[in-house]
Structures are given as structure tokens and as C-alpha cells.
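Accompanying notes for the structure given below.
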Amino acid sequence: MISYSELLEDILKVSKTTRVHLKTRFTEPGQPGEIYRPHYDKLLQALSLPPNVDLPHAPESIGKGRCFLLPSFFELVLALESAGRDFSIVFRTFGVDLPEVAREWNSF
């Protein structure tokens with residue numbers, strides 16, 4: 001068993017530009033992951049702010065209605081802090097979204 005990414009990179013050996021194009025359209029009609037679109041939409045909705053929430057000083061990603069960090073993550077941080085626990089947080093991403101993640105963290 002291999003991932004879609006491994007198929008594109010290791011087996012089909014498509015160019016990086018083509019891989020990015022295919023991966024970002026994985027759940028669109030006619031693509032291999034089309035059957036997973038309802039799950040994708042549900043997850044995307046879970047990462048969206050309610051329509052009546054306005055955060056004028058929030059990072060651009062939140063301003064568009066989407067967030068990177070889940071509310072449960074913030075709840076965990078608050079719980080660790082409340083319990084007086086020492087902890088560290090390391091953010092690792094697979095793309096170019098680290099500045100947006102950092103803005104959300106700093107807004108928190």
C-alpha cells in the first residue's frame with residue numbers, strides 16, 4: 001500500500017509542479033479522491049469560524065474564515081498552563097503556511 005503522494009513521486013515520477021497541481025485537486029470531481037469530498041468538506045467546515053464571528057485583528061487566514069490551529073489545541077494549552085505544567089510547542093508544517101500558523105498562535 002502506498003500513499004497518493006508516493007504514487008505520484010516514486011512510481012509515476014511526475015514533476016513537482018504536476019504533483020502540487022494533482023494533490024490540491026485530489027477530492028475534486030473526476031480525481032482519485034472524489035469519493036472523500038464529503039469528508040474533506042466536513043473537515044474544512046470544522047476549521048471555519050462561524051459566520052457571525054468577526055475578528056478584525058486576526059491573521060489573514062482567519063479573516064477568510066479558515067483557521068489552522070484547532071480550538072481543542074488552544075484548550076490543551078490553557079489546561080497545561082492552568083495545571084502549572086512545563087511544556088514546549090514546536091510547529092512543523094509541510095508547506096508555506098508556517099507564517100499563518102505563527103500569526104494565529106501569536107493572536108492567541
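Going through the C-alpha cells in order, the chains are called A, B, and so on, while each chain numbers its residues from 1 and the ligands are numbered from 1 in the order shown.
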
List the spatial neighbours of stretch 2-6 of chain A as number ranges by chain - criterion: any atom at most 9 Å away, only C-alpha atoms, same-chain residues fewer than 3 positions off excluded. A: 9-12, 19, 23, 26, 32

Those same residues, written as a PDB file, in the first residue's frame with N, CA, C and O atoms?
ATOM      1  N   GLU A   9       5.135  10.645  -6.812  1.00  0.00           N
ATOM      2  CA  GLU A   9       6.567  10.945  -6.763  1.00  0.00           C
ATOM      3  C   GLU A   9       7.438   9.748  -7.110  1.00  0.00           C
ATOM      4  O   GLU A   9       8.336   9.854  -7.952  1.00  0.00           O
ATOM      5  N   ASP A  10       7.182   8.607  -6.481  1.00  0.00           N
ATOM      6  CA  ASP A  10       8.080   7.458  -6.613  1.00  0.00           C
ATOM      7  C   ASP A  10       7.752   6.528  -7.781  1.00  0.00           C
ATOM      8  O   ASP A  10       8.666   5.975  -8.401  1.00  0.00           O
ATOM      9  N   ILE A  11       6.479   6.343  -8.059  1.00  0.00           N
ATOM     10  CA  ILE A  11       6.090   5.398  -9.113  1.00  0.00           C
ATOM     11  C   ILE A  11       5.945   6.101 -10.461  1.00  0.00           C
ATOM     12  O   ILE A  11       6.564   5.721 -11.449  1.00  0.00           O
ATOM     13  N   LEU A  12       5.107   7.151 -10.495  1.00  0.00           N
ATOM     14  CA  LEU A  12       4.865   7.861 -11.757  1.00  0.00           C
ATOM     15  C   LEU A  12       5.935   8.899 -12.065  1.00  0.00           C
ATOM     16  O   LEU A  12       6.074   9.320 -13.207  1.00  0.00           O
ATOM     17  N   ARG A  19       2.717  17.408  -9.459  1.00  0.00           N
ATOM     18  CA  ARG A  19       2.330  16.809  -8.172  1.00  0.00           C
ATOM     19  C   ARG A  19       1.505  17.791  -7.352  1.00  0.00           C
ATOM     20  O   ARG A  19       0.458  17.432  -6.812  1.00  0.00           O
ATOM     21  N   LYS A  23      -2.286  17.069  -6.263  1.00  0.00           N
ATOM     22  CA  LYS A  23      -2.596  16.930  -4.840  1.00  0.00           C
ATOM     23  C   LYS A  23      -3.628  17.954  -4.371  1.00  0.00           C
ATOM     24  O   LYS A  23      -4.471  17.643  -3.532  1.00  0.00           O
ATOM     25  N   PHE A  26      -7.183  16.718  -5.353  1.00  0.00           N
ATOM     26  CA  PHE A  26      -7.413  15.297  -5.083  1.00  0.00           C
ATOM     27  C   PHE A  26      -8.888  14.942  -4.907  1.00  0.00           C
ATOM     28  O   PHE A  26      -9.343  13.905  -5.382  1.00  0.00           O
ATOM     29  N   PRO A  32      -8.949  11.016  -8.175  1.00  0.00           N
ATOM     30  CA  PRO A  32      -8.965   9.765  -7.403  1.00  0.00           C
ATOM     31  C   PRO A  32      -9.649   9.856  -6.045  1.00  0.00           C
ATOM     32  O   PRO A  32     -10.236   8.894  -5.583  1.00  0.00           O
TER      33      PRO A  32
END

Those of stretch 5-104 of chain A in DSSP alpha helix (DSSP H), formatted as a compact mmCIF listing (two decimals) with all heavy atoms, in the first residue's frame:
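Once everything was written out, this is states.txt:
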# COMPACT_ATOMS: atom_id res chain seq x y z
N SER A 5 0.70 10.54 -2.68
CA SER A 5 1.94 11.30 -2.85
C SER A 5 3.08 10.38 -3.31
O SER A 5 3.83 10.73 -4.22
CB SER A 5 2.32 11.98 -1.54
OG SER A 5 3.48 12.74 -1.70
N GLU A 6 3.19 9.22 -2.69
CA GLU A 6 4.23 8.26 -3.09
C GLU A 6 4.00 7.77 -4.52
O GLU A 6 4.95 7.59 -5.27
CB GLU A 6 4.25 7.08 -2.13
CG GLU A 6 4.76 7.43 -0.75
CD GLU A 6 4.52 6.32 0.28
OE1 GLU A 6 3.51 5.59 0.17
OE2 GLU A 6 5.34 6.22 1.20
N LYS A 16 7.36 18.19 -9.91
CA LYS A 16 6.85 18.81 -8.69
C LYS A 16 5.63 19.68 -8.99
O LYS A 16 4.64 19.66 -8.25
CB LYS A 16 7.93 19.62 -8.00
CG LYS A 16 7.46 20.23 -6.69
CD LYS A 16 8.55 20.91 -5.94
CE LYS A 16 8.00 21.44 -4.62
NZ LYS A 16 9.04 22.06 -3.82
N THR A 17 5.67 20.42 -10.06
CA THR A 17 4.55 21.29 -10.44
C THR A 17 3.29 20.46 -10.66
O THR A 17 2.21 20.81 -10.17
CB THR A 17 4.88 22.08 -11.72
OG1 THR A 17 6.09 22.81 -11.51
CG2 THR A 17 3.77 23.02 -12.10
N THR A 18 3.43 19.36 -11.35
CA THR A 18 2.28 18.48 -11.61
C THR A 18 1.79 17.84 -10.32
O THR A 18 0.58 17.73 -10.10
CB THR A 18 2.66 17.40 -12.64
OG1 THR A 18 3.11 18.04 -13.84
CG2 THR A 18 1.47 16.50 -12.96
N ARG A 19 2.72 17.41 -9.46
CA ARG A 19 2.33 16.81 -8.17
C ARG A 19 1.50 17.79 -7.35
O ARG A 19 0.46 17.43 -6.81
CB ARG A 19 3.57 16.40 -7.36
CG ARG A 19 4.18 15.10 -7.79
CD ARG A 19 5.15 14.55 -6.76
NE ARG A 19 6.05 15.49 -6.14
CZ ARG A 19 7.29 15.75 -6.56
NH1 ARG A 19 7.76 15.15 -7.63
NH2 ARG A 19 8.06 16.61 -5.90
N VAL A 20 1.98 19.02 -7.24
CA VAL A 20 1.25 20.03 -6.48
C VAL A 20 -0.13 20.24 -7.07
O VAL A 20 -1.13 20.29 -6.36
CB VAL A 20 2.05 21.36 -6.43
CG1 VAL A 20 1.20 22.48 -5.87
CG2 VAL A 20 3.31 21.18 -5.61
N HIS A 21 -0.19 20.34 -8.39
CA HIS A 21 -1.48 20.52 -9.08
C HIS A 21 -2.44 19.36 -8.76
O HIS A 21 -3.60 19.59 -8.42
CB HIS A 21 -1.24 20.64 -10.59
CG HIS A 21 -2.49 20.72 -11.38
ND1 HIS A 21 -3.22 21.89 -11.52
CD2 HIS A 21 -3.17 19.79 -12.08
CE1 HIS A 21 -4.27 21.66 -12.27
NE2 HIS A 21 -4.27 20.39 -12.62
N LEU A 22 -1.96 18.15 -8.86
CA LEU A 22 -2.82 16.98 -8.63
C LEU A 22 -3.22 16.84 -7.17
O LEU A 22 -4.37 16.52 -6.86
CB LEU A 22 -2.12 15.71 -9.12
CG LEU A 22 -1.94 15.58 -10.63
CD1 LEU A 22 -1.04 14.40 -10.97
CD2 LEU A 22 -3.29 15.47 -11.33
N LYS A 23 -2.29 17.07 -6.26
CA LYS A 23 -2.60 16.93 -4.84
C LYS A 23 -3.63 17.95 -4.37
O LYS A 23 -4.47 17.64 -3.53
CB LYS A 23 -1.33 17.07 -4.00
CG LYS A 23 -0.41 15.89 -4.07
CD LYS A 23 0.78 16.16 -3.16
CE LYS A 23 1.89 15.22 -3.30
NZ LYS A 23 3.00 15.53 -2.39
N ARG A 37 -14.70 13.62 -0.88
CA ARG A 37 -15.06 15.04 -0.83
C ARG A 37 -15.97 15.39 0.34
O ARG A 37 -15.76 16.41 0.99
CB ARG A 37 -15.69 15.48 -2.16
CG ARG A 37 -15.90 16.97 -2.26
CD ARG A 37 -14.55 17.67 -2.13
NE ARG A 37 -14.70 19.11 -2.09
CZ ARG A 37 -13.85 19.94 -2.65
NH1 ARG A 37 -12.80 19.49 -3.29
NH2 ARG A 37 -14.04 21.22 -2.56
N PRO A 38 -16.99 14.58 0.67
CA PRO A 38 -17.81 14.92 1.83
C PRO A 38 -17.00 15.00 3.12
O PRO A 38 -17.26 15.87 3.96
CB PRO A 38 -18.85 13.78 1.89
CG PRO A 38 -18.91 13.26 0.50
CD PRO A 38 -17.51 13.41 -0.04
N HIS A 39 -16.03 14.14 3.28
CA HIS A 39 -15.17 14.18 4.48
C HIS A 39 -14.30 15.43 4.47
O HIS A 39 -14.12 16.08 5.50
CB HIS A 39 -14.30 12.93 4.56
CG HIS A 39 -15.08 11.66 4.59
ND1 HIS A 39 -15.82 11.26 5.68
CD2 HIS A 39 -15.27 10.71 3.64
CE1 HIS A 39 -16.41 10.11 5.41
NE2 HIS A 39 -16.09 9.77 4.18
N TYR A 40 -13.77 15.76 3.32
CA TYR A 40 -12.96 16.97 3.17
C TYR A 40 -13.79 18.20 3.52
O TYR A 40 -13.34 19.08 4.27
CB TYR A 40 -12.42 17.07 1.74
CG TYR A 40 -11.76 18.38 1.42
CD1 TYR A 40 -10.45 18.63 1.81
CD2 TYR A 40 -12.45 19.38 0.73
CE1 TYR A 40 -9.85 19.84 1.52
CE2 TYR A 40 -11.86 20.59 0.44
CZ TYR A 40 -10.54 20.81 0.83
OH TYR A 40 -9.96 22.01 0.54
N ASP A 41 -15.00 18.28 2.98
CA ASP A 41 -15.87 19.42 3.26
C ASP A 41 -16.20 19.52 4.75
O ASP A 41 -16.23 20.62 5.31
CB ASP A 41 -17.16 19.33 2.44
CG ASP A 41 -16.92 19.57 0.95
OD1 ASP A 41 -15.91 20.21 0.60
OD2 ASP A 41 -17.75 19.10 0.15
N LYS A 42 -16.43 18.38 5.39
CA LYS A 42 -16.73 18.37 6.82
C LYS A 42 -15.54 18.88 7.64
O LYS A 42 -15.70 19.68 8.56
CB LYS A 42 -17.11 16.96 7.26
CG LYS A 42 -17.54 16.85 8.70
CD LYS A 42 -17.95 15.43 9.04
CE LYS A 42 -18.33 15.32 10.50
NZ LYS A 42 -18.74 13.97 10.87
N LEU A 43 -14.33 18.44 7.27
CA LEU A 43 -13.13 18.90 7.97
C LEU A 43 -12.89 20.39 7.73
O LEU A 43 -12.53 21.12 8.65
CB LEU A 43 -11.92 18.09 7.52
CG LEU A 43 -11.88 16.65 7.99
CD1 LEU A 43 -10.75 15.89 7.30
CD2 LEU A 43 -11.73 16.57 9.50
N LEU A 44 -13.10 20.83 6.51
CA LEU A 44 -12.93 22.24 6.19
C LEU A 44 -13.90 23.10 6.98
O LEU A 44 -13.54 24.16 7.50
CB LEU A 44 -13.11 22.46 4.68
CG LEU A 44 -12.60 23.77 4.12
CD1 LEU A 44 -11.11 23.94 4.39
CD2 LEU A 44 -12.87 23.84 2.64
N GLN A 45 -15.12 22.62 7.12
CA GLN A 45 -16.12 23.34 7.92
C GLN A 45 -15.70 23.41 9.39
O GLN A 45 -15.89 24.43 10.05
CB GLN A 45 -17.49 22.67 7.79
CG GLN A 45 -18.58 23.42 8.53
CD GLN A 45 -19.93 22.75 8.37
OE1 GLN A 45 -20.04 21.64 7.86
NE2 GLN A 45 -20.97 23.42 8.82
N ALA A 46 -15.08 22.35 9.88
CA ALA A 46 -14.63 22.34 11.27
C ALA A 46 -13.50 23.33 11.50
O ALA A 46 -13.26 23.76 12.63
CB ALA A 46 -14.18 20.93 11.67
N GLU A 60 -4.73 36.95 8.48
CA GLU A 60 -5.47 36.91 7.22
C GLU A 60 -6.23 35.61 7.02
O GLU A 60 -7.35 35.59 6.55
CB GLU A 60 -4.50 37.13 6.05
CG GLU A 60 -5.18 37.20 4.70
CD GLU A 60 -4.18 37.44 3.58
OE1 GLU A 60 -3.13 38.05 3.83
OE2 GLU A 60 -4.47 37.00 2.46
N SER A 61 -5.62 34.48 7.39
CA SER A 61 -6.28 33.18 7.21
C SER A 61 -7.59 33.11 7.98
O SER A 61 -8.58 32.58 7.51
CB SER A 61 -5.36 32.04 7.65
OG SER A 61 -5.05 32.16 9.02
N ILE A 62 -7.59 33.66 9.20
CA ILE A 62 -8.82 33.65 9.99
C ILE A 62 -9.82 34.63 9.40
O ILE A 62 -11.01 34.37 9.35
CB ILE A 62 -8.53 34.00 11.47
CG1 ILE A 62 -7.70 32.89 12.09
CG2 ILE A 62 -9.82 34.19 12.25
CD1 ILE A 62 -7.31 33.14 13.52
N GLY A 63 -9.32 35.75 8.90
CA GLY A 63 -10.20 36.72 8.27
C GLY A 63 -10.97 36.14 7.10
O GLY A 63 -12.07 36.55 6.79
N PRO A 71 -9.44 24.74 17.91
CA PRO A 71 -9.78 25.20 19.26
C PRO A 71 -9.36 24.21 20.35
O PRO A 71 -8.94 24.62 21.43
CB PRO A 71 -11.30 25.36 19.21
CG PRO A 71 -11.59 25.63 17.77
CD PRO A 71 -10.59 24.81 17.01
N SER A 72 -9.43 22.92 20.06
CA SER A 72 -9.03 21.92 21.06
C SER A 72 -7.54 22.05 21.41
O SER A 72 -7.13 21.78 22.55
CB SER A 72 -9.34 20.51 20.57
OG SER A 72 -8.67 20.25 19.35
N PHE A 73 -6.73 22.47 20.45
CA PHE A 73 -5.31 22.69 20.72
C PHE A 73 -5.15 23.82 21.73
O PHE A 73 -4.38 23.72 22.68
CB PHE A 73 -4.58 23.02 19.42
CG PHE A 73 -3.17 23.51 19.63
CD1 PHE A 73 -2.16 22.63 20.01
CD2 PHE A 73 -2.86 24.85 19.46
CE1 PHE A 73 -0.86 23.09 20.20
CE2 PHE A 73 -1.58 25.31 19.65
CZ PHE A 73 -0.58 24.42 20.03
N PHE A 74 -5.89 24.91 21.52
CA PHE A 74 -5.82 26.03 22.46
C PHE A 74 -6.32 25.62 23.84
O PHE A 74 -5.78 26.04 24.86
CB PHE A 74 -6.61 27.23 21.93
CG PHE A 74 -6.00 27.83 20.70
CD1 PHE A 74 -6.75 27.98 19.55
CD2 PHE A 74 -4.69 28.26 20.68
CE1 PHE A 74 -6.20 28.55 18.41
CE2 PHE A 74 -4.12 28.83 19.55
CZ PHE A 74 -4.88 28.97 18.41
N GLU A 75 -7.35 24.78 23.89
CA GLU A 75 -7.86 24.28 25.17
C GLU A 75 -6.79 23.47 25.89
O GLU A 75 -6.63 23.56 27.11
CB GLU A 75 -9.13 23.45 24.96
CG GLU A 75 -10.32 24.24 24.48
CD GLU A 75 -10.82 25.25 25.49
OE1 GLU A 75 -10.64 25.03 26.71
OE2 GLU A 75 -11.39 26.27 25.07
N LEU A 76 -6.06 22.66 25.14
CA LEU A 76 -4.97 21.88 25.73
C LEU A 76 -3.91 22.80 26.31
O LEU A 76 -3.45 22.59 27.44
CB LEU A 76 -4.34 20.96 24.68
CG LEU A 76 -3.04 20.26 25.12
CD1 LEU A 76 -3.29 19.29 26.26
CD2 LEU A 76 -2.39 19.58 23.94
N VAL A 77 -3.52 23.81 25.57
CA VAL A 77 -2.50 24.75 26.05
C VAL A 77 -2.98 25.44 27.33
O VAL A 77 -2.22 25.56 28.30
CB VAL A 77 -2.16 25.79 24.95
CG1 VAL A 77 -1.29 26.91 25.50
CG2 VAL A 77 -1.49 25.11 23.77
N LEU A 78 -4.23 25.86 27.33
CA LEU A 78 -4.79 26.50 28.53
C LEU A 78 -4.79 25.54 29.72
O LEU A 78 -4.49 25.93 30.85
CB LEU A 78 -6.19 27.03 28.25
CG LEU A 78 -6.27 28.21 27.28
CD1 LEU A 78 -7.73 28.52 26.95
CD2 LEU A 78 -5.58 29.44 27.86
N ALA A 79 -5.15 24.29 29.47
CA ALA A 79 -5.19 23.29 30.55
C ALA A 79 -3.78 23.03 31.09
O ALA A 79 -3.59 22.92 32.31
CB ALA A 79 -5.82 22.00 30.05
N LEU A 80 -2.80 22.92 30.21
CA LEU A 80 -1.42 22.71 30.66
C LEU A 80 -0.93 23.90 31.48
O LEU A 80 -0.30 23.73 32.52
CB LEU A 80 -0.50 22.50 29.46
CG LEU A 80 -0.67 21.19 28.69
CD1 LEU A 80 0.14 21.22 27.40
CD2 LEU A 80 -0.27 20.00 29.55
N GLU A 81 -1.24 25.09 31.02
CA GLU A 81 -0.85 26.30 31.73
C GLU A 81 -1.53 26.37 33.09
O GLU A 81 -0.90 26.66 34.10
CB GLU A 81 -1.21 27.53 30.88
CG GLU A 81 -0.79 28.83 31.48
CD GLU A 81 0.71 29.06 31.45
OE1 GLU A 81 1.40 28.47 30.59
OE2 GLU A 81 1.20 29.82 32.30
N SER A 82 -2.81 26.06 33.12
CA SER A 82 -3.59 26.10 34.36
C SER A 82 -3.05 25.09 35.38
O SER A 82 -3.06 25.35 36.58
CB SER A 82 -5.06 25.82 34.05
OG SER A 82 -5.81 25.76 35.23
N LEU A 98 3.51 28.17 7.59
CA LEU A 98 4.03 28.44 8.92
C LEU A 98 3.82 29.89 9.37
O LEU A 98 3.44 30.12 10.52
CB LEU A 98 5.51 28.06 9.02
CG LEU A 98 6.10 28.11 10.43
CD1 LEU A 98 5.33 27.22 11.39
CD2 LEU A 98 7.57 27.72 10.41
N PRO A 99 4.00 30.89 8.50
CA PRO A 99 3.73 32.27 8.95
C PRO A 99 2.28 32.46 9.41
O PRO A 99 2.03 33.16 10.40
CB PRO A 99 4.04 33.12 7.72
CG PRO A 99 5.02 32.31 6.94
CD PRO A 99 4.61 30.88 7.16
N GLU A 100 1.33 31.83 8.74
CA GLU A 100 -0.08 31.94 9.15
C GLU A 100 -0.31 31.23 10.48
O GLU A 100 -1.03 31.72 11.34
CB GLU A 100 -1.01 31.36 8.08
CG GLU A 100 -1.03 32.15 6.79
CD GLU A 100 -1.67 33.52 6.96
OE1 GLU A 100 -2.51 33.71 7.87
OE2 GLU A 100 -1.32 34.41 6.18
N VAL A 101 0.31 30.07 10.65
CA VAL A 101 0.20 29.34 11.92
C VAL A 101 0.79 30.19 13.04
O VAL A 101 0.19 30.33 14.11
CB VAL A 101 0.92 27.97 11.84
CG1 VAL A 101 1.01 27.31 13.20
CG2 VAL A 101 0.20 27.06 10.84
N ALA A 102 1.93 30.80 12.79
CA ALA A 102 2.57 31.65 13.81
C ALA A 102 1.68 32.86 14.15
O ALA A 102 1.56 33.23 15.32
CB ALA A 102 3.93 32.12 13.31
N ARG A 103 1.05 33.45 13.15
CA ARG A 103 0.15 34.59 13.42
C ARG A 103 -1.04 34.17 14.28
O ARG A 103 -1.44 34.87 15.20
CB ARG A 103 -0.33 35.22 12.12
CG ARG A 103 0.70 36.17 11.51
CD ARG A 103 0.10 37.02 10.41
NE ARG A 103 0.05 36.38 9.12
CZ ARG A 103 1.11 36.22 8.32
NH1 ARG A 103 2.27 36.66 8.67
NH2 ARG A 103 0.98 35.63 7.15
N GLU A 104 -1.59 32.99 13.98
CA GLU A 104 -2.71 32.50 14.81
C GLU A 104 -2.23 32.25 16.24
O GLU A 104 -2.92 32.61 17.20
CB GLU A 104 -3.30 31.22 14.22
CG GLU A 104 -4.18 31.48 13.04
CD GLU A 104 -4.88 30.24 12.55
OE1 GLU A 104 -5.07 29.28 13.32
OE2 GLU A 104 -5.26 30.24 11.38

How many Å lie between atom CA of A:Arg25 and atom CA of A:Leu47, rounded to one decimal? 18.6 Å

Given the choices A:Glu28, A:Trp105, A:Leu7, A:Ser48, which gets closest to A:Phe91 if the distance is worked out from only C-alpha atoms?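 Nearest to A:Phe91: A:Trp105.
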
Among the residues A:Glu34, A:Pro29, A:Lys13, A:Leu49, the one that comes closest to A:Leu69 [using only C-alpha atoms]: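 Under the stated criterion, the closest residue is A:Leu49.
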